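Asks: I have a structure here, written as structure tokens, and I will follow up with some questions on it.
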Amino acid sequence: MSAQATKEETEAESVNEVRLVGRVSQEPEERVLPSGDSVWTFRIVVTRTGDRARSRQCVDSLECAVWAGRVRRSVAGWGVGDVVEVTGAVRRRFFRVGGAAASRVEVEVTGGRVIRRAASG
């Protein structure tokens, strides 16, 4: 790549898109941040794909955050065990806890839907 790469060439090399289909394993929870912003968080468990010979782990548990209003309303109705599809991007968020800097990698969800509700009973 030349030093004078066009914007289109640079954008074509960088892609941050996530699509996950899995089971909600932590009840979605709304948190109001000190800034006054509201974020919904939950955890989704997905089956690990690819070369399983390298690891005995067969699932991944991923933290998700929802900032957009329409998606937040949808997520508020999800429950543990629901199978859902989410789309978004991987983000690393920095914040302060007890005076120390901390960070978290999570999926910033921009779209989502329930595929199958958890069995009740």
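We label chains A, B, ... in the order they appear in the structure tokens, count residues from 1 in each chain, and number ligands from 1 in the order shown.
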Could you pull out the residues in chain A that DSSP calls alpha helix (DSSP H) from the backbone, as a list in words?
Replies: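 Checking each residue of chain A, the alpha helix (DSSP H) ones are Lys7, Glu8, Glu9, Thr10, Glu11, Ala12, Glu13, Gly69, Arg70, Val71, Arg72, Arg73, Ser74 and Val75 of chain A.
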Asks: Contacts of Ser103 in chain A at 10 Å or less, counting only C-alpha atoms, minus same-chain residues fewer than 6 places along, as a ChimeraX atom specification?
Replies: /A:92-97
Asks: Can you work out which one of A:Gln57, A:Ser14, A:Ser25, A:Ser120 has the shortest atom-to-atom distance to Val84 in chain A, counting only C-alpha atoms?
Replies: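 The shortest atom-to-atom distance to Val84 in chain A comes from A:Ser25.
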Asks: Check which residues of range 57-109 of chain A sit at most 9 Å from range 38-46 of chain A using only C-alpha atoms, and return one row each with the closest pair of atoms and their distance in Å to one decimal, ordered by chain and rising number, as CSV.
Replies:
residue,atom,partner,partner_atom,distance
A:Cys58,CA,A:Val46,CA,8.7
A:Val59,CA,A:Val46,CA,5.5
A:Asp60,CA,A:Val46,CA,5.4
A:Ser61,CA,A:Val45,CA,4.4
A:Leu62,CA,A:Ile44,CA,5.4
A:Glu63,CA,A:Arg43,CA,4.6
A:Cys64,CA,A:Phe42,CA,5.4
A:Ala65,CA,A:Thr41,CA,4.6
A:Val66,CA,A:Trp40,CA,5.1
A:Trp67,CA,A:Val39,CA,5.1
A:Ala68,CA,A:Val39,CA,8.3
A:Arg72,CA,A:Trp40,CA,6.4
A:Val75,CA,A:Trp40,CA,7.6
A:Ala76,CA,A:Trp40,CA,7.8
A:Val83,CA,A:Ile44,CA,8.9
A:Val84,CA,A:Ile44,CA,8.4
Asks: From the set A:Arg104, A:Arg91, A:Arg117, A:Arg73, which residue has the shortest atom-to-atom contact distance to Pro28 in chain A, counting only C-alpha atoms?
Replies: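 Closest to Pro28 in chain A, using only C-alpha atoms: A:Arg73.
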Asks: For a quick check of understanding, using only C-alpha atoms, which of A:Arg19, A:Glu30, A:Gly79, A:Ser55 has the smallest distance to Gly112 in chain A?
Replies: A:Arg19
Asks: Determine which residues of range 19-121 of chain A DSSP labels as strand (DSSP E) from the backbone of this structure, then write them out as a PyMOL selection string.
Replies: chain A and resi 19-32+38-47+59-66+83-97+100-116
Asks: Have a look at CA of Asn16 in chain A and CA of Glu106 in chain A and let me know their distance in Å, one decimal.
Replies: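 Those two atoms sit 12.4 Å apart.
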Asks: Go through A:Gly98, A:Asp37, A:Val107, A:Arg113 and flag the residue nearest Ser74 in chain A, using only C-alpha atoms for the distances.
Replies: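 The shortest atom-to-atom distance to Ser74 in chain A comes from A:Arg113.
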Asks: Please compute the CA of Val24 in chain A-CA of Thr110 in chain A distance, one decimal, in Å.
Replies: 16.3 Å
Asks: At what distance in Å, to one decimal, does CA of Val71 in chain A lie from CA of Leu33 in chain A?
Replies: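 Value for the CA of Leu33 in chain A-CA of Val71 in chain A distance: 18.0 Å.
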Asks: Between A:Pro34, A:Gly69, A:Gly111, A:Gly99, which is the closest to Thr87 in chain A once you count only C-alpha atoms?
Replies: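 Smallest separation from Thr87 in chain A among the options: A:Gly111.
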